[in-house]
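S.K.: Have a look at the structure that comes next, please.
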Amino acid sequence: MFKRVIEFEGPVLGVVINGRECSVPASFTAAAAMLASEDGATRETPISGAPRAPYCMMGVCFECLLEIDGVPNQQGCLVPVAAGMRINRQRGARTV
Amino acid sequence: MASILGIFCAANFGLRTLLTMDTFELAIVGAGPAGLAAGVTAAALGLRTVLVDEQPAPGGQIYRGIEAASRHPDSARVFGEDYMAGADLVRQFRASAVKYLPLSQVWQIDRDRNLWIRGANGVTAIGARQVLLATGAMERPVPIPGWTLPGVMTCGAAQTLLKSAGLAPSGRIVLAGGGPLLLLIAAQLMRAGNPPAAILQTSTNLRRAIAHLPRFVSSPSYVRKGLGLVAELRRAGVRIERGVGDIRILGETRAEAVEYIRAGTRRREQVDLVLLHHGVVPNTNLALSLRCEHEWNDAQHAFQPRTHAGLGSSVEGVLVAGDCAGIGGAKAAELRGRIAAYNAATNIERISTDARDRQCAPIQRELRPHLRARPFLDAYFEPPRDLLAPVEDDVVVCRCEEVRAGEIRRIVTEQSCPGPNQMKAFVRTGMGPCQGRLCGLTVVELMAQTRGVSPGEIGYYRIRPPIKPIALGELATRAQEK
């Protein structure tokens with residue numbers, strides 16, 4: 001679990017993470033917000049359903065894929081949070 | 001299929017948009033030290049310059065979040081002076097005339113040097129007379145048993161969370177791997193309030209490095225910094241286990257323990273989080289997608305674009321600078337970014353070759369000591385062979401398609417699979433969303449070791465645009481606008 005240890009200045013806003021309302025700094029990405037509120041898997045793979053979580057946090061590994069505001073397969077580490085954003089785990093493949 | 005459609009659609013839209021498209025004299029991809037320095041220099045030379053970057057703020061990975069961090073009193077203490085030095089470069093960049101496009105992914109650069117971008121306004125395209133790729137480095141994949149479990153991430157990922165969000169891991173942390181960054185990140189986590197329970201360092205290779213030692217010790221800042229970090233960690237009681245091998249992460253649905261062998265004995269640590277790291281490698285997907293020629297760097301165990309003295313690639317009008325052209329570190333990247341900008345200006349006949357050479361000579365002199373330390377670091381922290389290519393068949397190599405080392409070896413021997421592109425057809429390695437970024441080097445090393453040839457002889461994946469996944473709906477939105 002990740003905890004906020006340095007409070008950089010900036011606004012705080014409300015988001016909904018896996019159905020739960022949370023306040024997070026506007027400087028967080030969706031993946032950072034997820035890591036700060038949940039432990040363990042943030043997605044299940046489309047191949048075997050294996051549990052995965054963010055790995056590189058710099059946009060290269062695609063392990064942080066999340067469902068953001070209803071749109072699946074978003075790279076959570078590249079999406080800054082926005083007020084009211086709904087961030088959910090990505091379960092398996094997206095449906096077309 | 002998606003990528004074929006992507007190329008088709010892009011080519012189609014390209015024709016329609018060329019007349020109305022914004023065109024720049026220089027387009028830079030990446031807002032790390034190389035890209036920022038190139039932008040500042042190019043703008044000062046009067047080049048109409050644009051810089052495109054994925055992140056919300058300038059700095060790249062090394063100076064990630066520097067603007068917000070530099071306003072906080074704890075940052076200098078936690079991150080150190082090398083990080084804080086980035087604030088000045090970012091300030092210069094903000095004050096320059098460079099058009100800056102943050103939160104924008106370049107998913108294709110076509111042969112006419114049009115940059116195709118996915119950003120806040122959907123898909124857009126811009127044209128450029130010169131393109132500078134400054135896409136930086138990424139951490140080398142560390143394929144060991146259990147590395148795909150939640151509760152395992154890279155050291156760089158933890159550092160990014162600390163720099164950009166002020167987030168640090170709680171609980172019991174163990175760092176494992178090698179390279180100078182391992183100790184730096186351990187120290188930063190300690191200063192942020194949660195010292196690692198242990199640092200597991202793989203064997204260093206002094207035998208290979210010894211020839212480079214005199215040049216290394218003549219770069220005193222590296223020696224001083226390295227020894228300073230070790231002393232700081234030891235003083236704080238952080239355990240550093242050296243010469244560790246056979247590292248494996250255990251757990252069912254998350255990492256619970258890490259096992260390793262040291263001095264012939266198997267040991268185990270309970271963990272809440274394992275942070276892996278074994279150096280960084282050039283982030284080459286964009287250069288590869290442009291068909292820039294690449295070469296194998298045997299000292300750094302990675303491919304890099306082939307460049308000439310002017311930092312030009314094999315593709316006309318495309319330059320490369322910074323760590324994406326070979327690992328040299330942040331300061332070297334900044335200096336090479338400046339050199340690239342002068343060359344871009346010369347290529348479009350804005351300044352003479354004489355003026356360029358005059359301007360670049362002192363930069364080249366400043367660059368030399370930064371490059372002097374590199375051969376020692378590359379050799380001393382050379383990744384162990386079983387980390388470059390996992391010995392155990394069960395280790396996942398391609399995280400996206402969940403392909404294991406044994407399958408890849410089997411396809412090489414049983415099917416005489418000649419290269420990584422043929423491997424795609426057999427087992428889909430490199431065909432998931434990360435497009436080979438996390439498995440490419442491992443697949444190449446596995447094939448090279450199995451066949452007993454050099455990785456350079458094996459070659460690398462053919463990378464095609466779009467180099468970041470893009471939904472057809474997003475492309476369609478672009479079509480409707482026109």
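We label chains A, B, ... in the order they appear in the structure tokens, count residues from 1 in each chain, and number ligands from 1 in the order shown.
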Please tabulate, as a Markdown table, the residues of chain B that come within 6 Å of chain A, each with its closest pair of atoms and the distance in Å to one decimal, counting only C-alpha atoms and ordering rows by chain, then residue number upward.

M.R.:
```
| residue | atom | partner | partner_atom | distance |
| --- | --- | --- | --- | --- |
| B:Leu149 | CA | A:Arg52 | CA | 5.9 |
| B:Pro150 | CA | A:Ala53 | CA | 4.8 |
| B:Met153 | CA | A:Tyr55 | CA | 4.3 |
| B:Thr154 | CA | A:Cys56 | CA | 5.7 |
| B:Ala157 | CA | A:Cys56 | CA | 4.9 |
| B:Ala165 | CA | A:Phe28 | CA | 5.6 |
| B:Gly166 | CA | A:Ile6 | CA | 4.4 |
| B:Leu167 | CA | A:Arg4 | CA | 4.4 |
| B:Ala168 | CA | A:Phe2 | CA | 5.3 |
| B:Pro169 | CA | A:Phe2 | CA | 4.3 |
| B:Ser170 | CA | A:Met1 | CA | 5.9 |
| B:Cys434 | CA | A:Cys61 | CA | 5.5 |
```

S.K.: Calculate how many Å separate CA of Ser218 (chain B) from CA of Glu366 (chain B), rounding to one decimal.

M.R.: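 Those two atoms sit 14.4 Å apart.
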
S.K.: Do you know which residues are at most 10 Å from Pro214 (chain B) counting only C-alpha atoms, after dropping those on the same chain fewer than 5 positions away, and could you put them as a VMD selection string?

M.R.: chain B and resid 219 372 to 373 376

S.K.: Please produce a file of the residues just selected, as a JSON list (two decimals), in the first residue's frame, where the atoms kept are C-alpha atoms.

M.R.:
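Dumped to selection_39.json:
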```json
[["chain", "number", "residue", "atom", "x", "y", "z"],
["B", 219, "SER", "CA", 35.31, 11.20, -12.61],
["B", 372, "ARG", "CA", 34.24, 8.68, -19.04],
["B", 373, "ALA", "CA", 32.58, 6.95, -16.08],
["B", 376, "PHE", "CA", 33.09, 1.09, -15.77]]
```

S.K.: Smallest atom-to-atom distance to Val395 (chain B): which of B:Met190, B:Cys324, B:Val274, B:Ile247, using only C-alpha atoms?

M.R.: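 Closest candidate: B:Ile247.
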
S.K.: Could you write out, as a ChimeraX atom specification, all the residues of region 199-432 of chain B that DSSP marks as strand (DSSP E)?

M.R.: /B:199-202,239-250,257-262,265-270,273-278,280-282,294-297,302-305,318-320,396-398,403-404

S.K.: With distances taken over only C-alpha atoms, which residue among B:Ala31, B:Cys439, B:Val280, B:Leu36 lies nearest Gln300 (chain B)?

M.R.: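 Among the listed residues, B:Val280 lies closest to Gln300 (chain B).
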
S.K.: How many Å lie between CA of Phe24 (chain B) and CA of Pro102 (chain B), rounded to one decimal?

M.R.: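 Separation of CA of Phe24 (chain B) and CA of Pro102 (chain B): 16.6 Å.
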
S.K.: Just to confirm, what's the straight-line distance from CA of Arg437 (chain B) to CA of Pro305 (chain B) in Å (one decimal)?

M.R.: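 Answer for the CA of Arg437 (chain B) to CA of Pro305 (chain B) separation: 15.4 Å.
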
S.K.: Just the alpha helix (DSSP H) stuff from region 50-285 of chain B, please, per backbone DSSP, written as a PyMOL selection string.

M.R.: chain B and resi 66-69+75-79+81-84+86-95+155-165+180-191+206-209+213-217+220-235+285
